[in-house]
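Q: Data: target-v1.cif, mmCIF, C-alpha atoms and all ligand atoms.
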```
data_target
loop_
_atom_site.label_atom_id
_atom_site.label_comp_id
_atom_site.auth_asym_id
_atom_site.auth_seq_id
_atom_site.Cartn_x
_atom_site.Cartn_y
_atom_site.Cartn_z
CA MET A 169 107.11 79.56 -73.74
CA THR A 170 109.68 77.19 -72.34
CA ALA A 171 107.06 75.85 -69.95
CA ARG A 172 104.80 75.09 -72.90
CA ILE A 173 107.58 73.26 -74.73
CA ASP A 174 108.45 71.30 -71.59
CA ARG A 175 104.84 70.28 -71.25
CA ILE A 176 104.69 68.97 -74.82
CA LEU A 177 107.83 66.95 -74.31
CA HIS A 178 106.42 65.64 -71.07
CA VAL A 179 103.20 64.56 -72.81
CA ALA A 180 105.27 62.79 -75.48
CA ALA A 181 107.24 61.00 -72.76
CA LEU A 182 104.04 59.97 -70.98
CA VAL A 183 102.53 58.60 -74.18
CA GLY A 184 105.85 57.12 -75.36
CA HIS A 185 108.35 58.83 -77.66
CA ASP A 186 108.20 55.89 -80.03
CA VAL A 187 104.45 56.40 -80.41
CA LEU A 188 104.16 60.17 -80.22
CA GLU A 189 107.20 61.49 -81.97
CA ILE A 190 107.77 65.23 -81.76
CA GLU A 191 109.18 66.32 -85.10
CA ASP A 192 109.48 70.00 -84.39
CA VAL A 193 108.39 71.51 -81.14
CA ARG A 194 108.58 75.08 -82.53
CA ASP A 195 107.16 77.51 -79.96
CA GLY A 196 104.82 74.84 -78.76
CA TRP A 197 101.61 76.23 -80.29
CA PRO A 198 101.42 74.02 -82.16
CA ALA A 199 104.22 71.47 -82.10
CA LEU A 200 104.51 69.25 -85.14
CA ALA A 201 104.31 65.58 -84.30
CA THR A 202 103.82 62.14 -85.84
CA LEU A 203 101.68 59.54 -84.18
CA HIS A 204 102.78 56.00 -84.96
CA VAL A 205 99.73 53.89 -84.59
CA GLU A 206 98.70 50.58 -86.14
CA ARG A 207 101.38 50.72 -88.85
CA MET A 208 100.13 54.18 -89.78
CA GLN A 209 101.74 57.54 -89.37
CA LEU A 210 99.37 60.34 -88.54
CA ARG A 211 100.73 63.83 -88.93
CA LEU A 212 99.56 66.07 -86.15
CA ALA A 213 99.58 69.71 -85.14
CA LEU A 214 99.66 69.40 -81.39
CA PHE A 215 98.20 72.18 -79.27
CA VAL A 216 99.00 71.49 -75.63
CA GLY A 217 98.37 73.30 -72.39
CA SER A 218 97.75 72.52 -68.76
CA LEU A 219 94.64 72.54 -66.65
CA GLY A 220 94.49 75.05 -63.87
CA SER A 221 92.17 76.88 -61.62
CA GLY A 222 88.73 77.45 -63.12
CA GLY A 223 88.49 81.19 -62.66
CA ARG A 224 84.72 81.14 -62.42
CA ARG A 225 84.78 80.55 -58.66
CA ARG A 226 84.00 77.01 -59.46
CA ASP A 227 87.27 75.44 -58.39
CA ASP A 228 85.41 72.74 -56.54
CA VAL A 229 83.78 71.51 -59.75
CA GLU A 230 85.98 72.32 -62.73
CA ARG A 231 89.45 73.03 -64.11
CA ARG A 232 90.28 75.34 -66.96
CA PHE A 233 92.51 75.23 -70.01
CA GLN A 234 93.27 78.37 -72.06
CA ASN A 235 95.01 79.24 -75.29
CA PRO A 236 98.30 81.12 -74.79
CA GLY A 237 96.66 84.54 -75.09
CA GLN A 238 94.69 86.96 -77.16
CA ASN A 239 95.75 86.85 -80.78
CA ARG A 240 97.26 83.40 -80.23
CA PRO A 241 94.56 81.40 -81.96
CA LEU A 242 94.62 77.76 -82.74
CA VAL A 243 95.43 77.65 -86.44
CA GLY A 244 95.56 74.33 -88.21
CA VAL A 245 98.53 73.23 -90.28
CA ASP A 246 97.94 71.92 -93.81
CA GLY A 247 98.04 68.16 -94.07
CA ARG A 248 97.92 67.66 -90.31
CA ALA A 249 95.14 66.80 -87.92
CA SER A 250 94.82 69.40 -85.16
CA VAL A 251 94.87 67.88 -81.69
CA LEU A 252 93.99 70.03 -78.71
CA LEU A 253 94.81 68.62 -75.33
CA ALA A 254 95.54 69.56 -71.75
CA LEU A 255 97.69 67.78 -69.24
CA TRP A 256 96.47 67.50 -65.66
CA ASP A 257 99.37 66.35 -63.54
CA GLN A 258 99.30 68.74 -60.62
CA ASP A 259 96.60 70.51 -58.75
CA ASP A 260 96.54 73.05 -55.92
CA ARG A 261 93.57 71.45 -54.26
CA LEU A 262 93.56 67.80 -55.17
CA ARG A 263 95.98 64.96 -55.11
CA VAL A 264 96.78 63.80 -58.62
CA SER A 265 97.76 60.16 -58.36
CA ARG A 266 98.34 59.68 -62.08
CA PRO A 267 98.58 62.17 -64.93
CA ILE A 268 95.47 62.62 -67.02
CA ILE A 269 95.25 63.95 -70.57
CA VAL A 270 92.11 65.81 -71.58
CA THR A 271 91.19 66.17 -75.24
CA TYR A 272 89.02 68.93 -76.69
CA ASP A 273 87.51 69.58 -80.08
CA ALA A 274 90.14 71.60 -81.95
CA ASP A 275 87.82 72.45 -84.87
CA ARG A 276 85.44 74.37 -82.63
CA ARG A 277 88.19 76.82 -81.72
CA ASP A 278 90.00 77.02 -85.02
CA GLY A 279 91.02 80.61 -85.71
CA LEU A 280 89.37 82.18 -82.64
CA MET A 281 91.39 85.33 -81.93
CA THR A 282 90.17 85.87 -78.37
CA ARG A 283 91.50 84.33 -75.21
CA TRP A 284 89.27 81.33 -74.79
CA SER A 285 88.77 78.73 -72.12
CA ALA A 286 87.93 75.05 -72.19
CA PHE A 287 86.80 73.37 -69.01
CA ALA A 288 86.97 69.91 -67.52
CA PRO A 289 84.77 68.79 -64.63
CA VAL A 290 86.69 67.68 -61.56
CA SER A 291 84.39 64.67 -61.27
CA THR A 292 85.35 63.48 -64.79
CA LEU A 293 89.05 63.95 -64.02
CA MET A 294 88.67 61.91 -60.85
CA ASP A 295 86.74 59.22 -62.73
CA ALA A 296 89.54 59.02 -65.26
CA GLN A 297 92.08 58.58 -62.49
CA ALA A 298 90.07 55.71 -61.09
CA THR A 299 89.11 53.99 -64.35
CA GLY A 300 91.61 55.21 -66.97
CA TRP A 301 88.99 56.84 -69.21
CA ALA A 302 86.00 59.10 -68.62
CA THR A 303 84.01 61.34 -70.91
CA HIS A 304 81.83 64.37 -70.36
CA VAL A 305 79.53 66.24 -72.69
CA SER A 306 79.58 69.97 -72.02
CA ASP A 307 76.53 72.25 -72.05
CA SER A 308 77.44 73.24 -75.60
CA GLY A 309 77.53 69.60 -76.71
CA GLU A 310 81.29 69.19 -76.85
CA SER A 311 82.54 65.74 -75.96
CA ILE A 312 85.48 66.03 -73.54
CA ARG A 313 87.56 62.94 -72.89
CA CYS A 314 89.83 62.44 -69.89
CA MET A 315 92.28 59.54 -70.05
CA VAL A 316 95.52 58.02 -68.91
CA PRO A 317 98.28 58.82 -71.43
CA ALA A 318 98.46 55.28 -72.81
CA LEU A 319 95.01 55.79 -74.34
CA LEU A 320 95.77 58.98 -76.24
CA PRO A 321 96.90 57.23 -79.46
CA ALA A 322 93.63 55.26 -79.72
CA ALA A 323 91.63 58.42 -78.93
CA ILE A 324 93.33 60.33 -81.76
CA LEU A 325 92.97 57.39 -84.14
CA ALA A 326 89.26 57.21 -83.32
CA ASP A 327 88.89 60.93 -84.09
CA VAL A 328 90.67 60.65 -87.40
CA GLU A 329 88.39 57.75 -88.35
CA GLU A 330 85.34 59.49 -86.89
CA ILE A 331 84.63 56.63 -84.55
CA GLU A 332 83.24 57.01 -81.08
CA LEU A 333 84.77 54.75 -78.46
CA GLU A 334 82.34 53.30 -75.95
CA GLN A 335 83.27 54.31 -72.42
CA LEU A 336 82.45 50.98 -70.82
CA LEU A 337 84.47 49.01 -73.37
CA VAL A 338 87.48 51.29 -72.92
CA GLN A 339 87.27 51.09 -69.13
CA THR A 340 87.03 47.30 -69.30
CA ALA A 341 90.10 47.17 -71.56
CA VAL A 342 92.07 49.39 -69.18
CA GLU A 343 91.10 47.33 -66.19
CA ALA A 344 92.14 44.12 -67.91
CA SER A 345 95.51 45.64 -68.87
CA GLY A 346 96.57 46.00 -65.23
CA LEU A 347 97.53 49.62 -65.82
CA LEU A 348 95.51 50.85 -62.86
CA GLU A 349 97.42 48.57 -60.52
CA GLU A 350 100.72 50.25 -61.33
CA PRO A 351 102.06 52.11 -58.31
CA GLU A 352 100.59 55.58 -58.04
CA GLY A 353 102.79 58.39 -59.23
CA ALA A 354 105.08 55.92 -60.96
CA ALA A 355 107.59 57.52 -63.26
CA VAL A 356 106.83 57.67 -66.94
CA PRO A 357 105.02 54.37 -67.55
CA ASP A 358 104.91 54.59 -71.34
CA SER A 359 106.70 51.32 -71.99
CA SER A 360 105.40 49.26 -69.10
CA PRO A 361 103.75 46.00 -70.17
CA SER A 362 100.43 47.18 -68.78
CA ALA A 363 100.57 50.42 -70.78
CA LEU A 364 101.36 48.43 -73.91
CA ARG A 365 98.44 46.11 -73.21
CA ALA A 366 96.10 49.06 -72.67
CA ARG A 367 97.28 50.64 -75.89
CA ARG A 368 96.82 47.47 -77.93
CA ALA A 369 93.43 46.73 -76.41
CA THR A 370 92.16 50.20 -77.26
CA TYR A 371 93.53 49.97 -80.82
CA SER A 372 91.52 46.81 -81.18
CA LEU A 373 88.40 48.67 -80.01
CA VAL A 374 89.00 51.19 -82.78
CA ARG A 375 89.43 48.34 -85.28
CA ASP A 376 86.22 46.68 -84.11
CA ALA A 377 84.28 49.93 -84.35
CA ARG A 378 85.69 50.62 -87.81
CA PHE A 379 84.74 47.12 -88.97
CA ALA A 380 81.24 47.40 -87.50
CA ARG A 381 80.66 50.74 -89.16
CA ARG A 382 81.70 49.46 -92.58
CA VAL A 383 79.52 46.39 -92.29
CA LEU A 384 76.51 48.30 -90.96
CA ASP A 385 76.84 50.90 -93.70
CA ALA A 386 76.79 48.15 -96.30
CA TYR A 387 73.47 46.85 -94.91
CA ASP A 388 71.97 50.31 -94.32
CA GLY A 389 72.13 49.69 -90.60
CA ARG A 390 69.78 46.70 -90.79
CA CYS A 391 70.11 43.11 -89.65
CA ALA A 392 71.07 40.88 -92.57
CA MET A 393 68.91 38.10 -91.17
CA CYS A 394 65.71 39.90 -90.17
CA GLY A 395 65.92 43.48 -91.42
CA VAL A 396 65.50 45.24 -88.09
CA GLY A 397 67.24 48.62 -87.88
CA LEU A 398 66.56 50.93 -84.93
CA HIS A 399 70.28 51.02 -84.05
CA LEU A 400 69.93 47.47 -82.76
CA VAL A 401 72.56 46.00 -85.06
CA GLN A 402 76.19 45.05 -84.58
CA GLY A 403 79.03 44.00 -86.83
CA ALA A 404 79.70 40.26 -86.72
CA HIS A 405 82.65 38.45 -88.23
CA ILE A 406 81.92 35.44 -90.40
CA TYR A 407 85.38 33.88 -90.14
CA PRO A 408 85.93 34.88 -86.50
CA ALA A 409 88.24 37.71 -85.51
CA SER A 410 90.07 35.41 -83.10
CA ALA A 411 90.92 32.87 -85.82
CA HIS A 412 94.22 32.83 -87.64
CA GLY A 413 94.23 35.03 -90.73
CA SER A 414 90.84 36.60 -90.07
CA LEU A 415 90.42 39.94 -91.78
CA ASP A 416 88.37 42.98 -90.78
CA ARG A 417 86.97 43.37 -94.26
CA PRO A 418 83.30 44.04 -94.99
CA TRP A 419 83.03 40.83 -97.05
CA ASN A 420 83.95 38.94 -93.88
CA GLY A 421 81.15 40.55 -91.91
CA LEU A 422 77.43 40.52 -91.36
CA SER A 423 75.30 43.25 -89.91
CA LEU A 424 73.23 41.44 -87.28
CA CYS A 425 70.79 42.35 -84.53
CA ALA A 426 71.77 41.12 -81.08
CA ASN A 427 69.47 38.08 -81.34
CA HIS A 428 70.77 36.95 -84.70
CA HIS A 429 74.33 37.75 -83.68
CA LEU A 430 74.02 35.46 -80.68
CA ALA A 431 72.22 32.79 -82.69
CA PHE A 432 75.03 32.93 -85.27
CA ASP A 433 77.73 32.84 -82.57
CA ARG A 434 76.02 29.87 -80.93
CA TYR A 435 75.81 27.94 -84.22
CA LEU A 436 71.99 28.01 -84.18
CA VAL A 437 71.74 29.59 -87.63
CA ALA A 438 73.95 29.22 -90.66
CA VAL A 439 74.11 30.70 -94.12
CA HIS A 440 74.74 28.85 -97.36
CA PRO A 441 78.14 30.12 -98.55
CA VAL A 442 77.10 30.79 -102.14
CA GLU A 443 73.32 31.06 -102.26
CA ARG A 444 73.14 32.77 -98.87
CA TYR A 445 69.92 31.16 -97.70
CA ILE A 446 69.53 30.69 -93.96
CA VAL A 447 69.09 27.39 -92.12
CA PHE A 448 68.42 26.59 -88.46
CA HIS A 449 69.99 24.13 -86.08
CA PRO A 450 67.74 21.05 -85.56
CA ASP A 451 67.30 22.07 -81.90
CA VAL A 452 65.67 25.32 -82.98
CA LEU A 453 63.36 23.53 -85.41
CA GLU A 454 62.43 21.03 -82.74
CA ALA A 455 61.77 23.73 -80.16
CA ALA A 456 59.49 25.47 -82.64
CA GLN A 457 57.17 22.45 -82.58
CA THR A 458 56.08 23.28 -79.06
CA ASP A 459 57.39 26.74 -78.26
CA PRO A 460 55.60 29.61 -80.02
CA THR A 461 58.46 32.02 -79.26
CA ALA A 462 60.93 29.74 -81.04
CA ARG A 463 58.48 29.61 -83.93
CA ALA A 464 58.24 33.40 -83.91
CA PHE A 465 62.03 33.61 -84.03
CA ILE A 466 62.13 31.41 -87.11
CA GLU A 467 59.27 33.27 -88.75
CA GLY A 468 61.00 36.59 -88.03
CA THR A 469 64.10 35.41 -89.86
CA LEU A 470 64.44 36.00 -93.59
CA THR A 471 64.84 33.01 -95.86
CA GLU A 472 68.05 34.46 -97.22
CA LEU A 473 70.47 37.25 -96.30
CA ARG A 474 69.37 40.76 -97.14
CA PRO A 475 71.09 42.25 -100.16
CA CYS A 476 73.93 44.62 -99.33
CA ALA A 477 76.42 46.92 -101.00
CA ALA A 478 78.53 45.05 -103.56
CA ARG A 479 81.77 45.60 -101.62
CA ALA A 480 80.35 43.75 -98.63
CA VAL A 481 78.77 40.71 -100.26
CA PRO A 482 80.16 37.88 -98.11
CA LYS A 483 82.86 35.84 -99.79
CA PRO A 484 81.86 32.16 -99.84
CA GLU A 485 85.31 31.31 -98.53
CA MET A 486 84.57 33.15 -95.28
CA PHE A 487 81.65 30.81 -94.56
CA HIS A 488 83.67 27.76 -95.62
CA ARG A 489 86.45 28.74 -93.27
CA ARG A 490 84.02 29.44 -90.44
CA TYR A 491 82.33 26.06 -90.78
CA ALA A 492 85.70 24.32 -90.96
CA HIS A 493 87.01 26.27 -87.96
CA TYR A 494 84.04 25.23 -85.80
CA PHE A 495 83.74 21.84 -87.40
CA ASP A 496 82.34 20.11 -84.30
CA GLU A 497 79.62 22.71 -83.85
CA TYR A 498 78.43 22.51 -87.43
CA GLU A 499 78.09 18.77 -87.80
CA TRP A 500 74.39 19.34 -88.38
CA LEU A 501 74.94 21.38 -91.55
CA PRO A 502 73.68 19.94 -94.85
CA ALA A 503 76.47 18.46 -96.93
CA ASN A 504 76.19 21.11 -99.63
CA PHE A 505 77.40 23.77 -97.15
CA SER A 506 80.98 22.58 -97.26
CA PHE A 507 83.42 22.65 -100.13
ZN ZN B 601 68.04 40.12 -86.77
#
```
Can you give me the file's structure in the form of structure tokens?

A:
Amino acid sequence: MTARIDRILHVAALVGHDVLEIEDVRDGWPALATLHVERMQLRLALFVGSLGSGGRRRDDVERRFQNPGQNRPLVGVDGRASVLLALWDQDDRLRVSRPIIVTYDADRRDGLMTRWSAFAPVSTLMDAQATGWATHVSDSGESIRCMVPALLPAAILADVEEIELEQLLVQTAVEASGLLEEPEGAAVPDSSPSALRARRATYSLVRDARFARRVLDAYDGRCAMCGVGLHLVQGAHIYPASAHGSLDRPWNGLSLCANHHLAFDRYLVAVHPVERYIVFHPDVLEAAQTDPTARAFIEGTLTELRPCAARAVPKPEMFHRRYAHYFDEYEWLPANFSF
């Protein structure tokens, strides 16, 4: 039991005590904790174990995590999100250069009275050591995530918000943070600048995904400028996310296919702030005189934005601020587009 408690405290230290605060470690199954993330406090029931030998004579390909024993089920705590995770920081066969946290789906195992196992492929663990984040979908369809500790808060936040983080985006964020260049086996790196950068960058991925989902929902998953669905749409900010005072609110977003997103980002299309009709940059109109594909692009674009849920109708001010922010790029706009 002491070993289990030590492990929980170690996980909290790896993540950062200021981020993952253990309120009451109890007997460690679960410990009660608060995750401080993005000015929110998430109450957690934390079920933690370690990854060991696979026990299926498959030690070359997988590691195993188990609940403490028969009749020691995972039982959720009212008002708290259950988080089930394993720490991989030592291994009889492999060199562990940096600790990896593996998350499992707690709901799948809720209340199971047997001794159960959850596995993690060695290849995914090794990937996570190299890139900071790697995911694996098990034969039963469970999504298993392996990550450096700095990413755990964003992973839990994504679960609570039912958002899936894209592996490539997370890996790119980790690489840019410099976290992987920290000396191997460094002591607890929870407060290093690179860990902070990785944490912030992954929070922002959660924010982006949350924003995109809200905007796409409001447009039924269709492009506001052409109506295409087919999971080809993205959330685009009107007043850009990078600009001062930009808000991730649905009324500052458009659901756009990749083509219209790029055209919008490159100032080739614009929307009237109030009447919401769509106009094209003179270059596009000129190209359409001779280039049938440019003509097809114009013809494939609606004359005005698709209707959307009331909560997401773009606020005219968002367009005004966009056009003012990129003033030089929008010199071609008709005069009635500004204030
Ligand atoms: Zn489109």

Q: May I have the residues within 7 Å of region 477-481 of chain A as an MDAnalysis selection string, using all atoms listed in the file and disregarding those fewer than 2 positions away in the same chain?

A: chainID A and resid 383 386:387 418:419 483

Q: List as a ChimeraX atom specification the protein and nucleic acid residues lying within 12 Å of ligand ZN 601 (chain B), with all atoms listed in the file counted.

A: /A:387,389-404,422-432,437,446,465-474

Q: Quick one: which region 182-231 of chain A residues come within 10 Å of region 319-332 of chain A, and what is the nearest atom pair for each with the distance in Å to one decimal, counting only C-alpha atoms, rows ordered by chain and ascending number, as a Markdown table?

A:
```
| residue | atom | partner | partner_atom | distance |
| --- | --- | --- | --- | --- |
| A:Leu182 | CA | A:Leu320 | CA | 9.9 |
| A:Val183 | CA | A:Leu320 | CA | 7.1 |
| A:Gly184 | CA | A:Pro321 | CA | 9.8 |
| A:Val187 | CA | A:Pro321 | CA | 7.7 |
| A:Leu188 | CA | A:Pro321 | CA | 7.9 |
| A:Leu203 | CA | A:Pro321 | CA | 7.1 |
| A:His204 | CA | A:Pro321 | CA | 8.1 |
| A:Val205 | CA | A:Pro321 | CA | 6.7 |
| A:Glu206 | CA | A:Leu325 | CA | 9.1 |
| A:Met208 | CA | A:Leu325 | CA | 9.7 |
| A:Leu210 | CA | A:Leu325 | CA | 8.3 |
| A:Leu212 | CA | A:Ile324 | CA | 9.5 |
```

Q: Take CA of Leu347 (chain A) and CA of Arg172 (chain A) and report the distance between them in Å, one decimal.

A: 27.4 Å

Q: What's the separation between CA of Asp246 (chain A) and CA of Val305 (chain A), in Å to one decimal place?

A: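 Between CA of Asp246 (chain A) and CA of Val305 (chain A) the gap works out to 28.6 Å.
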
Q: Can you tell me how far CA of Pro236 (chain A) sits from CA of Ser308 (chain A), in Å to one decimal?

A: 22.3 Å

Q: Which residue gives the smallest distance to His178 (chain A) among A:Gly346, A:Gly217, A:Asp275, A:Ala464, with all atoms listed in the file counted?

A: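 Selected residue with least distance to His178 (chain A): A:Gly217.
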
Q: Which of these residues is nearest to Ala181 (chain A), using all atoms listed in the file: A:Leu280, A:Ala286, A:Leu262, A:Ala318?

A: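 Distance minimum relative to Ala181 (chain A) lands on A:Ala318.
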
Q: Ranking A:Met294, A:Tyr407, A:Ala288, A:Ala341 by minimum distance to Ser306 (chain A) and counting all atoms listed in the file, which one comes first?

A: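 Once distances to Ser306 (chain A) are computed over all atoms listed in the file, the minimum belongs to A:Ala288.
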
Q: As JSON, please: the centre and edge lengths in Å, to one decimal, of an axis-aligned box enclosing every listed atom of region 211-226 of chain A with 4 Å added on each side.

A:
```
{"center_x": 92.4, "center_y": 72.5, "center_z": -73.8, "size_x": 24.7, "size_y": 25.4, "size_z": 38.3}
```

Q: Find the residues near Gln258 (chain A): any atom within 12 Å, counting only C-alpha atoms, skip ones fewer than 5 places away on the same chain, and give them as a list in words.

A: Ser218, Leu219, Gly220, Ser221, Arg231, Arg263, Val264, Ser265, Arg266, Pro267, Ile268, Ile269, Leu293 and Gly353 of chain A

Q: Mind writing the picked residues with C-alpha atoms as a PDB file, in the coordinates of the input?

A:
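New file selection_31.pdb:
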```
ATOM      1  CA  SER A 218      97.750  72.520 -68.760  1.00  0.00           C
ATOM      2  CA  LEU A 219      94.640  72.540 -66.650  1.00  0.00           C
ATOM      3  CA  GLY A 220      94.490  75.050 -63.870  1.00  0.00           C
ATOM      4  CA  SER A 221      92.170  76.880 -61.620  1.00  0.00           C
ATOM      5  CA  ARG A 231      89.450  73.030 -64.110  1.00  0.00           C
ATOM      6  CA  ARG A 263      95.980  64.960 -55.110  1.00  0.00           C
ATOM      7  CA  VAL A 264      96.780  63.800 -58.620  1.00  0.00           C
ATOM      8  CA  SER A 265      97.760  60.160 -58.360  1.00  0.00           C
ATOM      9  CA  ARG A 266      98.340  59.680 -62.080  1.00  0.00           C
ATOM     10  CA  PRO A 267      98.580  62.170 -64.930  1.00  0.00           C
ATOM     11  CA  ILE A 268      95.470  62.620 -67.020  1.00  0.00           C
ATOM     12  CA  ILE A 269      95.250  63.950 -70.570  1.00  0.00           C
ATOM     13  CA  LEU A 293      89.050  63.950 -64.020  1.00  0.00           C
ATOM     14  CA  GLY A 353     102.790  58.390 -59.230  1.00  0.00           C
TER      15      GLY A 353
END
```

Q: Given the choices A:Leu252, A:Val290, A:Ala369, A:Ala171, which gets closest to Asp228 (chain A) if the distance is worked out from all atoms listed in the file?

A: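 Using all atoms listed in the file, Asp228 (chain A) sits closest to A:Val290.
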
Q: I'd like the contact shell of Arg463 (chain A) - 9 Å cut-off, only C-alpha atoms, skipping same-chain residues fewer than 6 positions apart - returned as a list in words.

A: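 Residues meeting the cut-off are Val452, Leu453, Ala455, Ala456 and Gln457 of chain A.
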
Q: Tell me which of A:Pro317, A:Gly309, A:Gly413, A:Gly300 sits closest to Leu348 (chain A), counting all atoms listed in the file.

A: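 For Leu348 (chain A), the nearest of the candidates is A:Gly300.
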
Q: Which is closer to His304 (chain A) than all the others in A:Leu337, A:Ala438, A:Leu214, A:Val270, using all atoms listed in the file?

A: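 Once distances to His304 (chain A) are computed over all atoms listed in the file, the minimum belongs to A:Val270.
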